[in-house]
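A.B. asks: Below is the file input_14.cif, which contains mmCIF, C-alpha atoms.
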```
data_final
loop_
_atom_site.group_PDB
_atom_site.id
_atom_site.type_symbol
_atom_site.label_atom_id
_atom_site.label_comp_id
_atom_site.auth_asym_id
_atom_site.auth_seq_id
_atom_site.Cartn_x
_atom_site.Cartn_y
_atom_site.Cartn_z
ATOM 1 C CA MET A 1 81.133 280.076 40.764
ATOM 2 C CA THR A 2 80.047 277.810 37.940
ATOM 3 C CA LYS A 3 79.095 274.144 38.165
ATOM 4 C CA THR A 4 82.303 273.208 36.327
ATOM 5 C CA ASP A 5 84.451 274.935 38.970
ATOM 6 C CA ILE A 6 82.692 272.986 41.713
ATOM 7 C CA LYS A 7 83.251 269.591 40.044
ATOM 8 C CA LYS A 8 86.891 270.171 39.106
ATOM 9 C CA PRO A 9 88.425 269.851 42.622
ATOM 10 C CA VAL A 10 86.398 266.692 43.240
ATOM 11 C CA ARG A 11 87.707 265.150 40.014
ATOM 12 C CA ASP A 12 91.261 266.114 40.936
ATOM 13 C CA ARG A 13 90.900 264.508 44.388
ATOM 14 C CA PHE A 14 89.979 261.196 42.744
ATOM 15 C CA ALA A 15 92.599 261.508 39.964
ATOM 16 C CA LEU A 16 95.581 262.119 42.275
ATOM 17 C CA PRO A 17 95.469 258.754 44.147
ATOM 18 C CA HIS A 18 94.956 256.960 40.848
ATOM 19 C CA ILE A 19 98.056 258.609 39.355
ATOM 20 C CA LYS A 20 100.110 257.758 42.443
ATOM 21 C CA TYR A 21 98.918 254.146 42.271
ATOM 22 C CA ARG A 22 100.048 253.893 38.647
ATOM 23 C CA GLU A 23 103.415 255.401 39.525
ATOM 24 C CA TYR A 24 103.916 252.904 42.379
ATOM 25 C CA LYS A 25 102.851 250.061 40.092
ATOM 26 C CA GLN A 26 105.251 251.195 37.367
ATOM 27 C CA THR A 27 108.123 251.541 39.859
ATOM 28 C CA PHE A 28 107.430 248.064 41.251
ATOM 29 C CA PHE A 29 107.481 246.360 37.852
ATOM 30 C CA PHE A 30 110.543 248.293 36.662
ATOM 31 C CA THR A 31 112.329 247.209 39.832
ATOM 32 C CA LEU A 32 111.258 243.629 39.160
ATOM 33 C CA LEU A 33 112.631 243.812 35.623
ATOM 34 C CA ARG A 34 115.919 245.273 36.836
ATOM 35 C CA PHE A 35 116.191 242.530 39.433
ATOM 36 C CA ALA A 36 115.602 239.861 36.754
ATOM 37 C CA ALA A 37 118.244 241.476 34.526
ATOM 38 C CA ILE A 38 120.726 241.494 37.428
ATOM 39 C CA ILE A 39 120.062 237.793 38.077
ATOM 40 C CA ASN A 40 120.633 236.934 34.397
ATOM 41 C CA GLY A 41 123.780 239.034 34.225
ATOM 42 C CA THR A 42 125.129 237.499 37.430
ATOM 43 C CA ALA A 43 124.452 233.959 36.174
ATOM 44 C CA LEU A 44 126.283 234.723 32.921
ATOM 45 C CA ALA A 45 129.221 236.242 34.797
ATOM 46 C CA VAL A 46 129.469 233.189 37.094
ATOM 47 C CA ILE A 47 129.426 230.776 34.150
ATOM 48 C CA LEU A 48 132.067 232.736 32.253
ATOM 49 C CA PHE A 49 134.258 233.010 35.349
ATOM 50 C CA PHE A 50 133.971 229.268 35.965
ATOM 51 C CA LEU A 51 134.910 228.463 32.357
ATOM 52 C CA LEU A 52 137.776 230.953 32.319
ATOM 53 C CA LYS A 53 139.155 229.688 35.614
ATOM 54 C CA ASN A 54 139.183 226.067 34.464
ATOM 55 C CA GLY A 55 139.864 226.401 30.759
ATOM 56 C CA TYR A 56 142.139 229.377 30.037
ATOM 57 C CA LYS A 57 145.270 227.223 30.284
ATOM 58 C CA ALA A 58 144.052 225.054 27.407
ATOM 59 C CA ILE A 59 143.784 228.013 25.000
ATOM 60 C CA THR A 60 147.041 227.889 23.050
ATOM 61 C CA TRP A 61 147.973 228.344 19.413
ATOM 62 C CA THR A 62 148.327 224.577 19.035
ATOM 63 C CA PHE A 63 144.902 224.063 20.571
ATOM 64 C CA LEU A 64 143.329 226.426 18.035
ATOM 65 C CA THR A 65 145.194 225.286 14.924
ATOM 66 C CA GLN A 66 145.739 221.514 15.270
ATOM 67 C CA PRO A 67 143.360 218.523 15.040
ATOM 68 C CA PRO A 68 142.786 216.278 18.087
ATOM 69 C CA MET A 69 145.484 213.666 18.735
ATOM 70 C CA ASP A 70 146.143 210.713 21.047
ATOM 71 C CA SER A 71 142.497 209.715 21.526
ATOM 72 C CA MET A 72 141.616 213.430 21.720
ATOM 73 C CA THR A 73 143.618 213.901 24.928
ATOM 74 C CA LYS A 74 146.104 216.165 23.107
ATOM 75 C CA GLY A 75 146.170 218.402 20.064
ATOM 76 C CA GLY A 76 143.522 220.930 19.255
ATOM 77 C CA ILE A 77 140.045 221.605 17.938
ATOM 78 C CA PHE A 78 140.666 223.233 14.558
ATOM 79 C CA PRO A 79 138.367 220.846 12.594
ATOM 80 C CA CYS A 80 135.630 221.483 15.178
ATOM 81 C CA ILE A 81 135.906 225.264 14.761
ATOM 82 C CA ILE A 82 135.726 225.078 10.968
ATOM 83 C CA GLY A 83 132.866 222.570 11.091
ATOM 84 C CA THR A 84 130.852 224.780 13.464
ATOM 85 C CA ILE A 85 131.351 227.839 11.241
ATOM 86 C CA TYR A 86 130.343 225.917 8.105
ATOM 87 C CA LEU A 87 127.298 224.435 9.805
ATOM 88 C CA SER A 88 126.099 227.752 11.270
ATOM 89 C CA MET A 89 126.562 229.667 8.042
ATOM 90 C CA GLY A 90 124.869 226.899 6.061
ATOM 91 C CA ALA A 91 121.901 226.847 8.424
ATOM 92 C CA ILE A 92 121.429 230.618 8.189
ATOM 93 C CA ALA A 93 121.876 230.583 4.402
ATOM 94 C CA ILE A 94 119.011 228.092 4.227
ATOM 95 C CA ALA A 95 116.721 229.486 6.939
ATOM 96 C CA LEU A 96 117.048 233.242 6.335
ATOM 97 C CA PRO A 97 115.615 233.432 2.767
ATOM 98 C CA ILE A 98 112.823 230.980 3.592
ATOM 99 C CA GLY A 99 112.025 232.823 6.821
ATOM 100 C CA ILE A 100 111.941 236.233 5.134
ATOM 101 C CA ILE A 101 109.701 234.991 2.297
ATOM 102 C CA SER A 102 107.365 233.310 4.786
ATOM 103 C CA ALA A 103 107.128 236.462 6.899
ATOM 104 C CA ILE A 104 106.441 238.577 3.812
ATOM 105 C CA TYR A 105 103.559 236.304 2.869
ATOM 106 C CA LEU A 106 102.100 236.317 6.384
ATOM 107 C CA ASN A 107 102.356 240.086 6.846
ATOM 108 C CA GLU A 108 101.852 241.463 3.352
ATOM 109 C CA TYR A 109 99.723 238.984 1.410
ATOM 110 C CA ALA A 110 97.851 236.586 3.696
ATOM 111 C CA ARG A 111 94.281 237.497 4.606
ATOM 112 C CA SER A 112 92.962 237.171 8.129
ATOM 113 C CA GLY A 113 91.101 233.919 8.628
ATOM 114 C CA ILE A 114 91.320 230.393 9.902
ATOM 115 C CA ILE A 115 94.124 229.398 7.502
ATOM 116 C CA LEU A 116 96.347 232.234 8.713
ATOM 117 C CA ARG A 117 95.612 231.337 12.347
ATOM 118 C CA ILE A 118 96.519 227.697 11.670
ATOM 119 C CA ILE A 119 99.800 228.745 10.031
ATOM 120 C CA ARG A 120 100.724 231.001 12.956
ATOM 121 C CA LEU A 121 99.802 228.257 15.421
ATOM 122 C CA GLY A 122 102.038 225.822 13.537
ATOM 123 C CA ILE A 123 104.967 228.267 13.610
ATOM 124 C CA ASN A 124 104.521 228.886 17.342
ATOM 125 C CA ASN A 125 104.355 225.155 18.033
ATOM 126 C CA LEU A 126 107.434 224.564 15.875
ATOM 127 C CA ALA A 127 109.356 227.074 17.989
ATOM 128 C CA GLY A 128 108.619 224.998 21.093
ATOM 129 C CA VAL A 129 109.630 221.612 19.692
ATOM 130 C CA PRO A 130 112.715 220.182 21.487
ATOM 131 C CA SER A 131 115.875 220.167 19.412
ATOM 132 C CA VAL A 132 116.278 216.403 19.741
ATOM 133 C CA VAL A 133 113.018 215.982 17.800
ATOM 134 C CA PHE A 134 114.490 218.041 14.961
ATOM 135 C CA GLY A 135 117.542 215.793 15.114
ATOM 136 C CA LEU A 136 115.456 212.638 14.807
ATOM 137 C CA PHE A 137 113.495 214.182 11.933
ATOM 138 C CA GLY A 138 116.724 215.132 10.168
ATOM 139 C CA LEU A 139 118.054 211.602 10.670
ATOM 140 C CA ALA A 140 114.898 209.991 9.283
ATOM 141 C CA PHE A 141 114.261 212.401 6.399
ATOM 142 C CA PHE A 142 117.544 213.927 5.241
ATOM 143 C CA VAL A 143 120.047 211.243 6.245
ATOM 144 C CA ILE A 144 118.039 208.073 5.499
ATOM 145 C CA TYR A 145 115.105 208.916 3.211
ATOM 146 C CA LEU A 146 116.908 211.434 0.967
ATOM 147 C CA LYS A 147 120.147 209.394 1.320
ATOM 148 C CA MET A 148 122.346 212.378 2.171
ATOM 149 C CA GLY A 149 124.099 210.397 4.860
ATOM 150 C CA VAL A 150 125.687 212.004 7.895
ATOM 151 C CA SER A 151 126.900 215.163 6.201
ATOM 152 C CA LEU A 152 127.295 218.913 6.382
ATOM 153 C CA LEU A 153 124.252 219.401 4.133
ATOM 154 C CA ALA A 154 121.964 217.234 6.267
ATOM 155 C CA GLY A 155 123.062 219.056 9.426
ATOM 156 C CA ALA A 156 122.633 222.510 7.851
ATOM 157 C CA LEU A 157 119.125 221.644 6.638
ATOM 158 C CA THR A 158 118.163 220.338 10.085
ATOM 159 C CA LEU A 159 119.512 223.395 11.885
ATOM 160 C CA GLY A 160 117.858 225.602 9.267
ATOM 161 C CA LEU A 161 114.488 224.103 10.170
ATOM 162 C CA LEU A 162 115.309 224.584 13.840
ATOM 163 C CA SER A 163 116.054 228.295 13.324
ATOM 164 C CA LEU A 164 113.126 228.961 10.992
ATOM 165 C CA PRO A 165 110.428 229.835 13.589
ATOM 166 C CA VAL A 166 112.708 232.374 15.295
ATOM 167 C CA ILE A 167 113.557 234.075 12.004
ATOM 168 C CA ILE A 168 109.934 234.131 10.806
ATOM 169 C CA GLY A 169 108.747 235.670 14.064
ATOM 170 C CA ALA A 170 111.461 238.343 14.190
ATOM 171 C CA THR A 171 111.033 239.218 10.497
ATOM 172 C CA GLU A 172 107.266 239.514 10.764
ATOM 173 C CA GLU A 173 107.563 241.839 13.753
ATOM 174 C CA ALA A 174 110.122 243.917 11.850
ATOM 175 C CA LEU A 175 107.772 244.219 8.860
ATOM 176 C CA LYS A 176 104.960 245.373 11.154
ATOM 177 C CA THR A 177 107.090 248.276 12.390
ATOM 178 C CA VAL A 178 107.305 249.781 8.876
ATOM 179 C CA PRO A 179 104.596 252.505 8.675
ATOM 180 C CA ASP A 180 101.783 251.930 6.186
ATOM 181 C CA THR A 181 102.365 255.446 4.849
ATOM 182 C CA TYR A 182 105.613 254.179 3.280
ATOM 183 C CA ARG A 183 103.692 251.519 1.388
ATOM 184 C CA GLU A 184 100.952 253.953 0.358
ATOM 185 C CA ALA A 185 103.490 256.519 -0.887
ATOM 186 C CA SER A 186 105.328 253.902 -2.937
ATOM 187 C CA LEU A 187 102.114 252.550 -4.465
ATOM 188 C CA GLY A 188 100.927 256.090 -5.134
ATOM 189 C CA LEU A 189 104.077 256.769 -7.164
ATOM 190 C CA GLY A 190 103.244 253.820 -9.436
ATOM 191 C CA ALA A 191 105.343 251.036 -7.931
ATOM 192 C CA THR A 192 103.903 247.541 -7.829
ATOM 193 C CA LYS A 193 103.336 245.778 -4.529
ATOM 194 C CA LEU A 194 106.361 243.532 -5.100
ATOM 195 C CA GLN A 195 108.572 246.531 -5.878
ATOM 196 C CA THR A 196 107.261 248.275 -2.757
ATOM 197 C CA ILE A 197 108.109 245.274 -0.595
ATOM 198 C CA PHE A 198 111.642 244.767 -1.916
ATOM 199 C CA ARG A 199 112.634 248.433 -2.377
ATOM 200 C CA VAL A 200 110.847 250.131 0.509
ATOM 201 C CA VAL A 201 109.577 247.732 3.164
ATOM 202 C CA LEU A 202 112.479 245.271 3.390
ATOM 203 C CA PRO A 203 115.253 247.909 3.602
ATOM 204 C CA CYS A 204 113.376 249.628 6.450
ATOM 205 C CA ALA A 205 112.824 246.327 8.255
ATOM 206 C CA MET A 206 116.340 244.983 7.697
ATOM 207 C CA PRO A 207 117.702 245.835 11.188
ATOM 208 C CA GLY A 208 114.897 243.816 12.772
ATOM 209 C CA ILE A 209 115.416 240.990 10.296
ATOM 210 C CA LEU A 210 119.086 240.848 11.250
ATOM 211 C CA THR A 211 117.985 240.515 14.876
ATOM 212 C CA GLY A 212 116.229 237.292 13.871
ATOM 213 C CA ALA A 213 119.356 236.173 12.030
ATOM 214 C CA ILE A 214 121.443 236.808 15.174
ATOM 215 C CA LEU A 215 119.106 234.691 17.273
ATOM 216 C CA GLY A 216 119.132 231.985 14.591
ATOM 217 C CA ILE A 217 122.934 231.879 14.472
ATOM 218 C CA SER A 218 123.133 231.664 18.250
ATOM 219 C CA ARG A 219 120.727 228.749 18.401
ATOM 220 C CA ALA A 220 122.238 226.911 15.438
ATOM 221 C CA ALA A 221 125.845 227.173 16.663
ATOM 222 C CA GLY A 222 125.104 225.867 20.148
ATOM 223 C CA GLU A 223 122.895 222.874 19.385
ATOM 224 C CA THR A 224 124.163 219.352 20.023
ATOM 225 C CA ALA A 225 121.228 216.957 19.564
ATOM 226 C CA PRO A 226 120.393 217.818 15.923
ATOM 227 C CA VAL A 227 123.984 217.635 14.678
ATOM 228 C CA MET A 228 124.917 214.432 16.495
ATOM 229 C CA PHE A 229 122.288 212.599 14.399
ATOM 230 C CA THR A 230 122.841 214.347 11.074
ATOM 231 C CA ALA A 231 126.296 215.896 10.644
ATOM 232 C CA ALA A 232 128.845 215.297 13.395
ATOM 233 C CA VAL A 233 131.168 212.359 13.909
ATOM 234 C CA PHE A 234 133.308 211.277 16.846
ATOM 235 C CA PHE A 235 136.584 212.063 15.107
ATOM 236 C CA THR A 236 137.806 213.132 11.694
ATOM 237 C CA PRO A 237 141.066 215.061 11.262
ATOM 238 C CA ASP A 238 140.198 216.214 7.724
ATOM 239 C CA LEU A 239 138.356 219.417 6.914
ATOM 240 C CA PRO A 240 135.159 219.051 4.838
ATOM 241 C CA SER A 241 135.788 219.374 1.105
ATOM 242 C CA SER A 242 132.168 218.763 0.089
ATOM 243 C CA ILE A 243 128.711 219.427 1.508
ATOM 244 C CA PHE A 244 128.298 215.641 1.749
ATOM 245 C CA ASP A 245 131.304 215.188 4.057
ATOM 246 C CA GLU A 246 130.978 214.445 7.765
ATOM 247 C CA ILE A 247 132.323 217.082 10.122
ATOM 248 C CA MET A 248 133.362 217.700 13.704
ATOM 249 C CA VAL A 249 131.568 220.473 15.616
ATOM 250 C CA LEU A 250 132.293 222.140 18.935
ATOM 251 C CA PRO A 251 129.080 221.254 20.852
ATOM 252 C CA TYR A 252 129.300 217.565 19.981
ATOM 253 C CA HIS A 253 133.044 217.535 20.667
ATOM 254 C CA ILE A 254 132.376 218.893 24.179
ATOM 255 C CA TYR A 255 129.777 216.171 24.685
ATOM 256 C CA VAL A 256 132.198 213.474 23.506
ATOM 257 C CA LEU A 257 135.034 214.712 25.727
ATOM 258 C CA ALA A 258 132.765 214.905 28.779
ATOM 259 C CA THR A 259 130.911 211.594 28.383
ATOM 260 C CA ALA A 260 132.511 209.201 25.925
ATOM 261 C CA GLY A 261 136.216 209.942 25.973
ATOM 262 C CA THR A 262 138.784 207.350 26.988
ATOM 263 C CA GLU A 263 140.253 209.623 29.685
ATOM 264 C CA ILE A 264 137.502 212.001 30.779
ATOM 265 C CA GLU A 265 139.355 213.499 33.752
ATOM 266 C CA ALA A 266 142.508 214.035 31.708
ATOM 267 C CA THR A 267 140.548 215.982 29.101
ATOM 268 C CA ARG A 268 138.726 218.195 31.622
ATOM 269 C CA PRO A 269 140.769 221.337 30.769
ATOM 270 C CA LEU A 270 140.131 220.645 27.065
ATOM 271 C CA GLN A 271 136.397 220.483 27.768
ATOM 272 C CA TYR A 272 136.413 223.902 29.413
ATOM 273 C CA GLY A 273 138.710 225.333 26.763
ATOM 274 C CA THR A 274 136.447 224.079 23.978
ATOM 275 C CA SER A 275 133.451 225.625 25.744
ATOM 276 C CA LEU A 276 135.255 228.968 25.886
ATOM 277 C CA VAL A 277 136.042 228.785 22.175
ATOM 278 C CA LEU A 278 132.400 227.988 21.375
ATOM 279 C CA ILE A 279 131.195 230.979 23.402
ATOM 280 C CA ALA A 280 133.778 233.234 21.734
ATOM 281 C CA LEU A 281 132.792 231.944 18.272
ATOM 282 C CA VAL A 282 129.084 232.560 18.856
ATOM 283 C CA PHE A 283 129.877 235.984 20.318
ATOM 284 C CA GLY A 284 132.017 236.837 17.294
ATOM 285 C CA MET A 285 129.315 235.861 14.793
ATOM 286 C CA ASN A 286 126.693 237.760 16.788
ATOM 287 C CA LEU A 287 128.958 240.802 17.042
ATOM 288 C CA GLY A 288 129.408 240.860 13.262
ATOM 289 C CA ALA A 289 125.645 240.761 12.735
ATOM 290 C CA ILE A 290 125.088 243.433 15.408
ATOM 291 C CA LEU A 291 127.639 245.782 13.774
ATOM 292 C CA LEU A 292 125.984 245.240 10.396
ATOM 293 C CA ARG A 293 122.587 246.004 11.919
ATOM 294 C CA ALA A 294 123.915 249.190 13.521
ATOM 295 C CA ARG A 295 125.429 250.278 10.224
ATOM 296 C CA LEU A 296 122.100 249.771 8.452
ATOM 297 C CA LYS A 297 120.307 251.786 11.149
ATOM 298 C CA ARG A 298 122.769 254.680 10.729
ATOM 299 C CA ARG A 299 122.336 254.557 6.966
ATOM 300 C CA MET A 300 118.543 254.743 7.350
ATOM 301 C CA HIS A 301 118.789 257.826 9.576
ATOM 302 C CA ILE A 302 121.086 259.693 7.176
#
```
Let me see the structure of the file written as structure tokens.
C.D. replies:
Amino acid sequence: MTKTDIKKPVRDRFALPHIKYREYKQTFFFTLLRFAAIINGTALAVILFFLLKNGYKAITWTFLTQPPMDSMTKGGIFPCIIGTIYLSMGAIAIALPIGIISAIYLNEYARSGIILRIIRLGINNLAGVPSVVFGLFGLAFFVIYLKMGVSLLAGALTLGLLSLPVIIGATEEALKTVPDTYREASLGLGATKLQTIFRVVLPCAMPGILTGAILGISRAAGETAPVMFTAAVFFTPDLPSSIFDEIMVLPYHIYVLATAGTEIEATRPLQYGTSLVLIALVFGMNLGAILLRARLKRRMHI
């Protein structure tokens, strides 16, 4: 019997408890994650059930296609729906190109050092700033200093800034998932670095970039504080015909009905109905982005 044969059983005796410990640890944390997911899913189901129970009667064709009437106690929310769509799309149209370009610089061009660390720290801090601070900034800078007034443009710019950290973070992580061999192969075939980024790296990272866009849309569509200072008004029956027009939006309309309406109790079903429409609108925009992302993933695997 060799010395190796003598040591092997001893090593196995010590390895077996260690493996079992890791398995128990993994099972414990997976159970914890499942439990957290169940709690989140249950909370969402309770909220949706509560809104459906109290607001489904308000969802009618008139409610979806007419402007508010009689001090907003009757009529519908059509201007609010259109205003929310315009504002969300405008915010993403502003934030997505800037976020992608910023992420490309941070991941593909910037060198490691103190400047890069300061930039990343600023982005992380910007992601944690309360939305009301963005609203006050938009009011001071876009509405007053740049003299845009309370308008669709001022609100879209403010929400674009609000969504920017999320999009930059998601895009940068998506760019990191693209293997370096793709870049090296493209450069080896004679492509420039810019051509490599736009023709190789970005198409591969596009599903992850769309994930950032989905998160940005969700946050932009549901914010109240930024738009109440920069874009939304208490009531306007007209649809916006210019980017400098004031608009009605669903989150602010819910806030007005619940806190500043003339007959708050009478409008309670309208409040719940408007909340349901907002959730459905955000879900619809997210679903469109998710389907586009899935289509891009299938195209990449073909």
A.B. asks: Just want the 12 Å neighbourhood of Tyr86 (chain A), counted on only C-alpha atoms, with same-chain residues fewer than 3 positions away dropped. Output as a VMD selection string.
C.D. replies: chain A and resid 79 to 83 89 to 93 151 to 153 155 to 156 159 217 220 to 221 231 to 232 239 to 243 245 to 250
A.B. asks: Write a file of the just-selected residues containing C-alpha atoms, as a PDB file, in the coordinates of the input.
C.D. replies:
```
ATOM      1  CA  PRO A  79     138.367 220.846  12.594  1.00  0.00           C
ATOM      2  CA  CYS A  80     135.630 221.483  15.178  1.00  0.00           C
ATOM      3  CA  ILE A  81     135.906 225.264  14.761  1.00  0.00           C
ATOM      4  CA  ILE A  82     135.726 225.078  10.968  1.00  0.00           C
ATOM      5  CA  GLY A  83     132.866 222.570  11.091  1.00  0.00           C
ATOM      6  CA  MET A  89     126.562 229.667   8.042  1.00  0.00           C
ATOM      7  CA  GLY A  90     124.869 226.899   6.061  1.00  0.00           C
ATOM      8  CA  ALA A  91     121.901 226.847   8.424  1.00  0.00           C
ATOM      9  CA  ILE A  92     121.429 230.618   8.189  1.00  0.00           C
ATOM     10  CA  ALA A  93     121.876 230.583   4.402  1.00  0.00           C
ATOM     11  CA  SER A 151     126.900 215.163   6.201  1.00  0.00           C
ATOM     12  CA  LEU A 152     127.295 218.913   6.382  1.00  0.00           C
ATOM     13  CA  LEU A 153     124.252 219.401   4.133  1.00  0.00           C
ATOM     14  CA  GLY A 155     123.062 219.056   9.426  1.00  0.00           C
ATOM     15  CA  ALA A 156     122.633 222.510   7.851  1.00  0.00           C
ATOM     16  CA  LEU A 159     119.512 223.395  11.885  1.00  0.00           C
ATOM     17  CA  ILE A 217     122.934 231.879  14.472  1.00  0.00           C
ATOM     18  CA  ALA A 220     122.238 226.911  15.438  1.00  0.00           C
ATOM     19  CA  ALA A 221     125.845 227.173  16.663  1.00  0.00           C
ATOM     20  CA  ALA A 231     126.296 215.896  10.644  1.00  0.00           C
ATOM     21  CA  ALA A 232     128.845 215.297  13.395  1.00  0.00           C
ATOM     22  CA  LEU A 239     138.356 219.417   6.914  1.00  0.00           C
ATOM     23  CA  PRO A 240     135.159 219.051   4.838  1.00  0.00           C
ATOM     24  CA  SER A 241     135.788 219.374   1.105  1.00  0.00           C
ATOM     25  CA  SER A 242     132.168 218.763   0.089  1.00  0.00           C
ATOM     26  CA  ILE A 243     128.711 219.427   1.508  1.00  0.00           C
ATOM     27  CA  ASP A 245     131.304 215.188   4.057  1.00  0.00           C
ATOM     28  CA  GLU A 246     130.978 214.445   7.765  1.00  0.00           C
ATOM     29  CA  ILE A 247     132.323 217.082  10.122  1.00  0.00           C
ATOM     30  CA  MET A 248     133.362 217.700  13.704  1.00  0.00           C
ATOM     31  CA  VAL A 249     131.568 220.473  15.616  1.00  0.00           C
ATOM     32  CA  LEU A 250     132.293 222.140  18.935  1.00  0.00           C
TER      33      LEU A 250
END
```
A.B. asks: Name the residues captured by the PyMOL selection byres ((chain A and resi 160-173) around 9) when it is applied to the shown file; answer as a PyMOL selection string.
C.D. replies: chain A and resi 88+90-96+98-104+106-107+123-127+129+131+134+155-159+174-177+205-206+208-217+219-220+226
A.B. asks: Between A:Leu187, A:Ile85, A:Ile115, A:Ile59, single out the one closest to Val282 (chain A), counting all atoms listed in the file.
C.D. replies: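 Among the listed residues, the smallest separation from Val282 (chain A) belongs to A:Ile85.
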A.B. asks: For a quick check of understanding, using only C-alpha atoms, which of A:Ala191, A:Ile254, A:Val178, A:Val133 has the smallest distance to Val277 (chain A)?
C.D. replies: A:Ile254
A.B. asks: Around the point (143.6, 219.7, 17.0) (coordinates from the file), which residues reach within 7 Å if we count only C-alpha atoms? Answer as a list in words.
C.D. replies: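 Collected hits near the coordinates: Phe63, Leu64, Thr65, Gln66, Pro67, Pro68, Met69, Gly75, Gly76, Ile77, Phe78 and Pro79 of chain A.
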A.B. asks: I'd like to know which of A:Gly55, A:Arg268, A:Gly135, A:Ile279 is closest to Ala154 (chain A), using all atoms listed in the file.
C.D. replies: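 Ranking A:Gly55, A:Arg268, A:Gly135, A:Ile279 by distance to Ala154 (chain A), first place goes to A:Gly135.
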A.B. asks: My list of candidates is A:Ala289, A:Val227, A:Ile264, A:Ile39. Which is closest to Thr84 (chain A) when distances are computed with all atoms listed in the file?
C.D. replies: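 Smallest separation from Thr84 (chain A) among the options: A:Val227.
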A.B. asks: Quick one: pull the distance between CA of Ala45 (chain A) and CA of Leu278 (chain A), Å, one decimal.
C.D. replies: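 For CA of Ala45 (chain A) relative to CA of Leu278 (chain A), the distance reads 16.1 Å.
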A.B. asks: I'd like to know which of A:Thr192, A:Thr267, A:Ser275, A:Asn286 is closest to Asp70 (chain A), using only C-alpha atoms.
C.D. replies: A:Thr267
A.B. asks: Give me the result of the PyMOL selection byres ((chain A and resi 273) around 8) on this file, residue by residue, as a list in words.
C.D. replies: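 Listing what the PyMOL selection byres ((chain A and resi 273) around 8) selects in the shown file: Leu51, Leu52, Asn54, Gly55, Tyr56, Lys57, Ala58, Ile59, Pro269, Leu270, Gln271, Tyr272, Thr274, Ser275, Leu276 and Val277 of chain A.
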A.B. asks: Please indicate the distance in Å from CA of Pro207 (chain A) to CA of Leu291 (chain A), rounded to one decimal place.
C.D. replies: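 Atom-to-atom, CA of Pro207 (chain A) to CA of Leu291 (chain A), that is 10.3 Å.
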A.B. asks: Choose the residue, out of A:Pro130, A:Gly222, A:Gly288, A:Pro97, that has the smallest atom-to-atom separation from Pro251 (chain A); count only C-alpha atoms.
C.D. replies: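 Looking only at the distances to Pro251 (chain A), the closest residue turns out to be A:Gly222.
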